[in-house]
file work_14.pdb (PDB, C-alpha atoms and all ligand atoms)
ATOM      1  CA  MET C 355     -31.174 -24.667 -13.807
ATOM      2  CA  THR C 356     -31.217 -28.391 -13.039
ATOM      3  CA  ASP C 357     -34.681 -28.765 -14.620
ATOM      4  CA  ASP C 358     -33.344 -27.086 -17.739
ATOM      5  CA  LEU C 359     -30.280 -29.345 -17.673
ATOM      6  CA  ARG C 360     -32.450 -32.429 -17.174
ATOM      7  CA  GLN C 361     -34.620 -31.327 -20.112
ATOM      8  CA  ARG C 362     -31.596 -30.795 -22.373
ATOM      9  CA  ILE C 363     -30.203 -34.222 -21.438
ATOM     10  CA  ALA C 364     -33.601 -35.846 -22.080
ATOM     11  CA  GLU C 365     -33.788 -34.173 -25.489
ATOM     12  CA  SER C 366     -30.211 -35.108 -26.278
ATOM     13  CA  VAL C 367     -30.497 -38.805 -25.403
ATOM     14  CA  GLY C 368     -34.165 -39.023 -26.330
ATOM     15  CA  SER C 369     -35.256 -40.463 -22.979
ATOM     16  CA  ALA C 370     -36.628 -38.816 -19.837
ATOM     17  CA  LYS C 371     -35.751 -41.937 -17.827
ATOM     18  CA  ALA C 372     -32.118 -41.789 -18.993
ATOM     19  CA  ALA C 373     -32.030 -38.084 -18.139
ATOM     20  CA  ASP C 374     -33.220 -38.869 -14.590
ATOM     21  CA  ILE C 375     -30.435 -41.439 -14.201
ATOM     22  CA  VAL C 376     -27.822 -39.006 -15.528
ATOM     23  CA  MET C 377     -29.128 -36.327 -13.168
ATOM     24  CA  THR C 378     -28.623 -38.604 -10.132
ATOM     25  CA  ILE C 379     -24.953 -38.681 -11.095
ATOM     26  CA  VAL C 380     -24.601 -35.037 -12.177
ATOM     27  CA  GLN C 381     -26.636 -33.423  -9.389
ATOM     28  CA  PRO C 382     -24.246 -34.188  -6.485
ATOM     29  CA  GLU C 383     -21.332 -32.992  -8.612
ATOM     30  CA  LEU C 384     -23.155 -29.736  -9.386
ATOM     31  CA  ILE C 385     -23.832 -29.210  -5.688
ATOM     32  CA  ARG C 386     -20.161 -29.850  -4.856
ATOM     33  CA  LEU C 387     -19.013 -27.469  -7.604
ATOM     34  CA  ARG C 388     -21.400 -24.746  -6.409
ATOM     35  CA  LYS C 389     -20.030 -25.115  -2.869
ATOM     36  CA  ASP C 390     -16.461 -24.902  -4.202
ATOM     37  CA  MET C 391     -17.378 -21.844  -6.272
ATOM     38  CA  GLN C 392     -18.911 -20.182  -3.205
ATOM     39  CA  LEU C 393     -15.743 -20.904  -1.193
ATOM     40  CA  TRP C 394     -13.622 -19.290  -3.913
ATOM     41  CA  CYS C 395     -15.960 -16.299  -4.099
ATOM     42  CA  ASP C 396     -15.757 -15.895  -0.308
ATOM     43  CA  ALA C 397     -11.957 -16.165  -0.448
ATOM     44  CA  ALA C 398     -11.814 -13.551  -3.218
ATOM     45  CA  ALA C 399     -14.052 -11.210  -1.206
ATOM     46  CA  SER C 400     -11.856 -11.658   1.888
ATOM     47  CA  ALA C 401      -8.716 -11.001  -0.155
ATOM     48  CA  GLU C 402     -10.253  -7.843  -1.611
ATOM     49  CA  LYS C 403     -11.274  -6.630   1.849
ATOM     50  CA  LEU C 404      -7.724  -7.250   3.113
ATOM     51  CA  ARG C 405      -6.260  -5.465   0.055
ATOM     52  CA  GLN C 406      -8.448  -2.423   0.694
ATOM     53  CA  HIS C 407      -7.514  -2.391   4.389
ATOM     54  CA  GLN C 408      -3.795  -2.596   3.579
ATOM     55  CA  ALA C 409      -4.115   0.092   0.899
ATOM     56  CA  ALA C 410      -5.702   2.386   3.487
ATOM     57  CA  ASP C 411      -2.864   1.583   5.934
ATOM     58  CA  ALA C 412      -0.301   2.316   3.225
ATOM     59  CA  ASP C 413      -1.973   5.662   2.470
ATOM     60  CA  ARG C 414      -1.974   6.632   6.161
ATOM     61  CA  TYR C 415       1.676   5.572   6.510
ATOM     62  CA  GLU C 416       2.657   7.545   3.407
ATOM     63  CA  GLN C 417       0.909  10.647   4.785
ATOM     64  CA  GLN C 418       2.716  10.183   8.105
ATOM     65  CA  LEU C 419       6.088   9.839   6.356
ATOM     66  CA  ARG C 420       5.424  12.918   4.206
ATOM     67  CA  HIS C 421       4.483  14.870   7.326
ATOM     68  CA  GLU C 422       7.642  13.722   9.145
ATOM     69  CA  ARG C 423       9.758  14.599   6.085
ATOM     70  CA  ASP C 424       8.206  18.067   5.938
ATOM     71  CA  GLU C 425       8.821  18.554   9.660
ATOM     72  CA  ALA C 426      12.450  17.475   9.261
ATOM     73  CA  VAL C 427      12.965  19.842   6.306
ATOM     74  CA  ASN C 428      11.381  22.672   8.295
ATOM     75  CA  ALA C 429      13.643  21.896  11.279
ATOM     76  CA  LEU C 430      16.701  22.007   9.022
ATOM     77  CA  ASP C 431      15.560  25.331   7.600
ATOM     78  CA  ARG C 432      15.163  26.715  11.133
ATOM     79  CA  VAL C 433      18.666  25.530  12.079
ATOM     80  CA  ARG C 434      20.136  27.037   8.902
ATOM     81  CA  SER C 435      18.382  30.325   9.564
ATOM     82  CA  LEU C 436      20.051  30.452  12.998
ATOM     83  CA  HIS C 437      23.505  29.880  11.515
ATOM     84  CA  GLN C 438      23.917  32.744   9.076
ATOM     85  CA  HIS C 439      27.115  33.260   7.141
ATOM     86  CA  ASN C 440      28.496  36.684   7.810
ATOM     87  CA  GLU C 441      29.868  37.288   4.303
ATOM     88  CA  ASP C 442      32.022  40.244   5.273
ATOM     89  CA  ALA C 443      33.616  38.664   8.327
ATOM     90  CA  GLY C 444      33.633  35.072   7.018
ATOM     91  CA  TYR C 445      32.162  33.321  10.039
ATOM     92  CA  CYS C 446      28.863  32.125  11.523
ATOM     93  CA  ASP C 447      27.029  34.888  13.350
ATOM     94  CA  LEU C 448      25.582  32.498  15.927
ATOM     95  CA  CYS C 449      28.583  30.310  16.690
ATOM     96  CA  SER C 450      31.379  32.797  16.465
ATOM     97  CA  LYS C 451      31.053  35.562  18.999
ATOM     98  CA  HIS C 452      34.474  36.938  18.254
ATOM     99  CA  GLY C 453      35.159  35.640  14.778
ATOM    100  CA  ASP C 454      37.103  32.669  16.141
ATOM    101  CA  ILE C 455      35.071  30.068  14.249
ATOM    102  CA  THR C 456      35.312  30.328  10.484
ATOM    103  CA  TRP C 457      32.598  29.500   8.000
ATOM    104  CA  PRO C 458      31.090  26.969   7.806
ATOM    105  CA  CYS C 459      30.577  26.399  11.508
ATOM    106  CA  ALA C 460      30.364  22.811  12.777
ATOM    107  CA  THR C 461      26.560  22.829  12.630
ATOM    108  CA  ILE C 462      26.357  23.958   9.012
ATOM    109  CA  ALA C 463      29.226  21.636   8.039
ATOM    110  CA  ALA C 464      27.303  18.730   9.575
ATOM    111  CA  LEU C 465      24.134  19.718   7.705
ATOM    112  CA  ASP C 466      26.048  20.051   4.443
ATOM    113  CA  ARG C 467      27.558  16.587   4.929
ATOM    114  CA  ALA C 468      24.024  15.222   5.491
ATOM    115  CA  LYS C 469      22.912  16.745   2.153
ATOM    116  CA  GLU C 470      25.758  14.968   0.348
ATOM    117  CA  VAL C 471      24.735  11.522   1.611
TER     118      VAL C 471
HETATM  119 ZN    ZN D   1      26.911  28.237  13.321
END

call {"tool": "encode", "arguments": {"input": "work_14.pdb", "output": "structure tokens", "more": "lines below"}}
Ligand SMILES: [Zn+2]
result
Amino acid sequence: MTDDLRQRIAESVGSAKAADIVMTIVQPELIRLRKDMQLWCDAAASAEKLRQHQAADADRYEQQLRHERDEAVNALDRVRSLHQHNEDAGYCDLCSKHGDITWPCATIAALDRAKEV
């Protein structure tokens, strides 16, 4: 790369000696720029690794939240199945042993309020 650059400079200015002088100035700058480029490449690779790690964390957290949501929905379904509306008598079969608690019972009323929020 630098030999090719030196050759192009020599051809451009028409002097190998002038190209050598220019290269003493350009060479350290090329080295510095290559080091800077490597630092930026390393930083980009680190950022990508961090992005992938956080994406994996986000996926695991989403799966956990979906699982917890499903468990909560299933728990609500189980509670609702315990508190059945006796259509003929107009009360909750579980809560009202003698028909003294009308439909909806406090449990179902609380669940219905939660659905409205
Ligand atoms: Zn009930």

call {"tool": "residues_near_ligand", "arguments": {"input": "work_14.pdb", "ligand": "ligand ZN 1 (chain D)", "cutoff": "10 Å", "atoms": "all atoms listed in the file", "output": "short mmCIF file (atom, residue, chain, number, x, y, z; two decimals) with C-alpha atoms, in the coordinates of the input"}}
result
data_model
loop_
_atom_site.label_atom_id
_atom_site.label_comp_id
_atom_site.auth_asym_id
_atom_site.auth_seq_id
_atom_site.Cartn_x
_atom_site.Cartn_y
_atom_site.Cartn_z
CA VAL C 433 18.67 25.53 12.08
CA ARG C 434 20.14 27.04 8.90
CA SER C 435 18.38 30.32 9.56
CA LEU C 436 20.05 30.45 13.00
CA HIS C 437 23.50 29.88 11.52
CA GLN C 438 23.92 32.74 9.08
CA HIS C 439 27.12 33.26 7.14
CA TYR C 445 32.16 33.32 10.04
CA CYS C 446 28.86 32.12 11.52
CA ASP C 447 27.03 34.89 13.35
CA LEU C 448 25.58 32.50 15.93
CA CYS C 449 28.58 30.31 16.69
CA SER C 450 31.38 32.80 16.46
CA ILE C 455 35.07 30.07 14.25
CA THR C 456 35.31 30.33 10.48
CA TRP C 457 32.60 29.50 8.00
CA PRO C 458 31.09 26.97 7.81
CA CYS C 459 30.58 26.40 11.51
CA ALA C 460 30.36 22.81 12.78
CA THR C 461 26.56 22.83 12.63
CA ILE C 462 26.36 23.96 9.01
CA ALA C 463 29.23 21.64 8.04
#

call {"tool": "resolve_selection", "arguments": {"input": "work_14.pdb", "expression": "the PyMOL selection byres (((chain C and resi 377-385) around 12) and not hetatm)", "output": "list in words"}}
result
Met355, Thr356, Asp357, Asp358, Leu359, Arg360, Gln361, Arg362, Ile363, Ala364, Ala370, Lys371, Ala372, Ala373, Asp374, Ile375, Val376, Arg386, Leu387, Arg388, Lys389, Asp390, Met391 and Gln392 of chain C

call {"tool": "atom_distance", "arguments": {"input": "work_14.pdb", "atom1": "atom CA of C:Glu441", "atom2": "atom CA of C:Asp424"}}
result
29.0 Å

call {"tool": "atom_distance", "arguments": {"input": "work_14.pdb", "atom1": "atom CA of C:Ala399", "atom2": "atom CA of C:Gln417"}}
result
27.2 Å

call {"tool": "decode", "arguments": {"input": "work_14.pdb", "residues": "stretch 375-410 of chain C", "atoms": "N, CA and C atoms", "output": "PDB file, in the first residue's frame"}}
result
ATOM      1  N   ILE C 375      10.489  12.122   0.349  1.00  0.00           N
ATOM      2  CA  ILE C 375      10.288  13.207   1.322  1.00  0.00           C
ATOM      3  C   ILE C 375       8.810  13.306   1.707  1.00  0.00           C
ATOM      4  N   VAL C 376       7.947  13.235   0.693  1.00  0.00           N
ATOM      5  CA  VAL C 376       6.495  13.291   0.978  1.00  0.00           C
ATOM      6  C   VAL C 376       6.093  12.110   1.868  1.00  0.00           C
ATOM      7  N   MET C 377       6.660  10.946   1.580  1.00  0.00           N
ATOM      8  CA  MET C 377       6.297   9.761   2.373  1.00  0.00           C
ATOM      9  C   MET C 377       6.720   9.884   3.837  1.00  0.00           C
ATOM     10  N   THR C 378       7.810  10.601   4.127  1.00  0.00           N
ATOM     11  CA  THR C 378       8.209  10.786   5.528  1.00  0.00           C
ATOM     12  C   THR C 378       7.166  11.623   6.276  1.00  0.00           C
ATOM     13  N   ILE C 379       6.452  12.454   5.530  1.00  0.00           N
ATOM     14  CA  ILE C 379       5.390  13.250   6.151  1.00  0.00           C
ATOM     15  C   ILE C 379       4.084  12.447   6.213  1.00  0.00           C
ATOM     16  N   VAL C 380       3.773  11.753   5.122  1.00  0.00           N
ATOM     17  CA  VAL C 380       2.487  11.051   5.010  1.00  0.00           C
ATOM     18  C   VAL C 380       2.462   9.773   5.857  1.00  0.00           C
ATOM     19  N   GLN C 381       3.565   9.071   5.920  1.00  0.00           N
ATOM     20  CA  GLN C 381       3.612   7.770   6.586  1.00  0.00           C
ATOM     21  C   GLN C 381       3.129   7.812   8.044  1.00  0.00           C
ATOM     22  N   PRO C 382       3.648   8.738   8.868  1.00  0.00           N
ATOM     23  CA  PRO C 382       3.161   8.772  10.263  1.00  0.00           C
ATOM     24  C   PRO C 382       1.662   9.071  10.343  1.00  0.00           C
ATOM     25  N   GLU C 383       1.184   9.910   9.420  1.00  0.00           N
ATOM     26  CA  GLU C 383      -0.250  10.221   9.415  1.00  0.00           C
ATOM     27  C   GLU C 383      -1.071   8.989   9.035  1.00  0.00           C
ATOM     28  N   LEU C 384      -0.580   8.220   8.082  1.00  0.00           N
ATOM     29  CA  LEU C 384      -1.270   6.973   7.701  1.00  0.00           C
ATOM     30  C   LEU C 384      -1.320   6.001   8.872  1.00  0.00           C
ATOM     31  N   ILE C 385      -0.216   5.897   9.584  1.00  0.00           N
ATOM     32  CA  ILE C 385      -0.168   4.994  10.747  1.00  0.00           C
ATOM     33  C   ILE C 385      -1.181   5.453  11.798  1.00  0.00           C
ATOM     34  N   ARG C 386      -1.207   6.781  12.062  1.00  0.00           N
ATOM     35  CA  ARG C 386      -2.154   7.303  13.051  1.00  0.00           C
ATOM     36  C   ARG C 386      -3.590   7.041  12.605  1.00  0.00           C
ATOM     37  N   LEU C 387      -3.881   7.269  11.328  1.00  0.00           N
ATOM     38  CA  LEU C 387      -5.237   7.051  10.821  1.00  0.00           C
ATOM     39  C   LEU C 387      -5.637   5.577  10.888  1.00  0.00           C
ATOM     40  N   ARG C 388      -4.685   4.686  10.614  1.00  0.00           N
ATOM     41  CA  ARG C 388      -4.996   3.246  10.713  1.00  0.00           C
ATOM     42  C   ARG C 388      -5.311   2.862  12.155  1.00  0.00           C
ATOM     43  N   LYS C 389      -4.531   3.437  13.103  1.00  0.00           N
ATOM     44  CA  LYS C 389      -4.812   3.162  14.522  1.00  0.00           C
ATOM     45  C   LYS C 389      -6.192   3.684  14.904  1.00  0.00           C
ATOM     46  N   ASP C 390      -6.512   4.912  14.454  1.00  0.00           N
ATOM     47  CA  ASP C 390      -7.842   5.470  14.744  1.00  0.00           C
ATOM     48  C   ASP C 390      -8.934   4.586  14.144  1.00  0.00           C
ATOM     49  N   MET C 391      -8.722   4.147  12.896  1.00  0.00           N
ATOM     50  CA  MET C 391      -9.717   3.308  12.236  1.00  0.00           C
ATOM     51  C   MET C 391      -9.898   1.998  13.007  1.00  0.00           C
ATOM     52  N   GLN C 392      -8.807   1.426  13.502  1.00  0.00           N
ATOM     53  CA  GLN C 392      -8.909   0.187  14.266  1.00  0.00           C
ATOM     54  C   GLN C 392      -9.682   0.419  15.567  1.00  0.00           C
ATOM     55  N   LEU C 393      -9.423   1.575  16.218  1.00  0.00           N
ATOM     56  CA  LEU C 393     -10.174   1.889  17.444  1.00  0.00           C
ATOM     57  C   LEU C 393     -11.669   1.983  17.155  1.00  0.00           C
ATOM     58  N   TRP C 394     -12.026   2.639  16.048  1.00  0.00           N
ATOM     59  CA  TRP C 394     -13.446   2.762  15.699  1.00  0.00           C
ATOM     60  C   TRP C 394     -14.046   1.409  15.336  1.00  0.00           C
ATOM     61  N   CYS C 395     -13.282   0.580  14.669  1.00  0.00           N
ATOM     62  CA  CYS C 395     -13.774  -0.770  14.333  1.00  0.00           C
ATOM     63  C   CYS C 395     -13.996  -1.585  15.606  1.00  0.00           C
ATOM     64  N   ASP C 396     -13.047  -1.474  16.553  1.00  0.00           N
ATOM     65  CA  ASP C 396     -13.195  -2.185  17.832  1.00  0.00           C
ATOM     66  C   ASP C 396     -14.421  -1.671  18.596  1.00  0.00           C
ATOM     67  N   ALA C 397     -14.609  -0.341  18.581  1.00  0.00           N
ATOM     68  CA  ALA C 397     -15.766   0.233  19.272  1.00  0.00           C
ATOM     69  C   ALA C 397     -17.066  -0.241  18.627  1.00  0.00           C
ATOM     70  N   ALA C 398     -17.088  -0.293  17.295  1.00  0.00           N
ATOM     71  CA  ALA C 398     -18.290  -0.762  16.595  1.00  0.00           C
ATOM     72  C   ALA C 398     -18.564  -2.227  16.930  1.00  0.00           C
ATOM     73  N   ALA C 399     -17.515  -3.038  16.993  1.00  0.00           N
ATOM     74  CA  ALA C 399     -17.695  -4.458  17.323  1.00  0.00           C
ATOM     75  C   ALA C 399     -18.213  -4.617  18.752  1.00  0.00           C
ATOM     76  N   SER C 400     -17.679  -3.812  19.679  1.00  0.00           N
ATOM     77  CA  SER C 400     -18.164  -3.866  21.068  1.00  0.00           C
ATOM     78  C   SER C 400     -19.621  -3.436  21.151  1.00  0.00           C
ATOM     79  N   ALA C 401     -19.972  -2.385  20.418  1.00  0.00           N
ATOM     80  CA  ALA C 401     -21.362  -1.909  20.432  1.00  0.00           C
ATOM     81  C   ALA C 401     -22.296  -2.971  19.861  1.00  0.00           C
ATOM     82  N   GLU C 402     -21.861  -3.653  18.823  1.00  0.00           N
ATOM     83  CA  GLU C 402     -22.701  -4.698  18.223  1.00  0.00           C
ATOM     84  C   GLU C 402     -22.870  -5.871  19.189  1.00  0.00           C
ATOM     85  N   LYS C 403     -21.780  -6.223  19.878  1.00  0.00           N
ATOM     86  CA  LYS C 403     -21.862  -7.316  20.856  1.00  0.00           C
ATOM     87  C   LYS C 403     -22.833  -6.946  21.980  1.00  0.00           C
ATOM     88  N   LEU C 404     -22.752  -5.699  22.452  1.00  0.00           N
ATOM     89  CA  LEU C 404     -23.663  -5.230  23.501  1.00  0.00           C
ATOM     90  C   LEU C 404     -25.104  -5.223  22.996  1.00  0.00           C
ATOM     91  N   ARG C 405     -25.319  -4.783  21.747  1.00  0.00           N
ATOM     92  CA  ARG C 405     -26.664  -4.753  21.167  1.00  0.00           C
ATOM     93  C   ARG C 405     -27.250  -6.167  21.116  1.00  0.00           C
ATOM     94  N   GLN C 406     -26.437  -7.127  20.693  1.00  0.00           N
ATOM     95  CA  GLN C 406     -26.916  -8.504  20.608  1.00  0.00           C
ATOM     96  C   GLN C 406     -27.249  -9.050  21.992  1.00  0.00           C
ATOM     97  N   HIS C 407     -26.401  -8.734  22.976  1.00  0.00           N
ATOM     98  CA  HIS C 407     -26.643  -9.190  24.347  1.00  0.00           C
ATOM     99  C   HIS C 407     -27.950  -8.604  24.882  1.00  0.00           C
ATOM    100  N   GLN C 408     -28.155  -7.301  24.646  1.00  0.00           N
ATOM    101  CA  GLN C 408     -29.373  -6.651  25.140  1.00  0.00           C
ATOM    102  C   GLN C 408     -30.605  -7.141  24.388  1.00  0.00           C
ATOM    103  N   ALA C 409     -30.459  -7.452  23.113  1.00  0.00           N
ATOM    104  CA  ALA C 409     -31.591  -7.995  22.351  1.00  0.00           C
ATOM    105  C   ALA C 409     -31.985  -9.358  22.916  1.00  0.00           C
ATOM    106  N   ALA C 410     -30.989 -10.158  23.278  1.00  0.00           N
ATOM    107  CA  ALA C 410     -31.280 -11.469  23.871  1.00  0.00           C
ATOM    108  C   ALA C 410     -31.960 -11.293  25.227  1.00  0.00           C
TER     109      ALA C 410
END
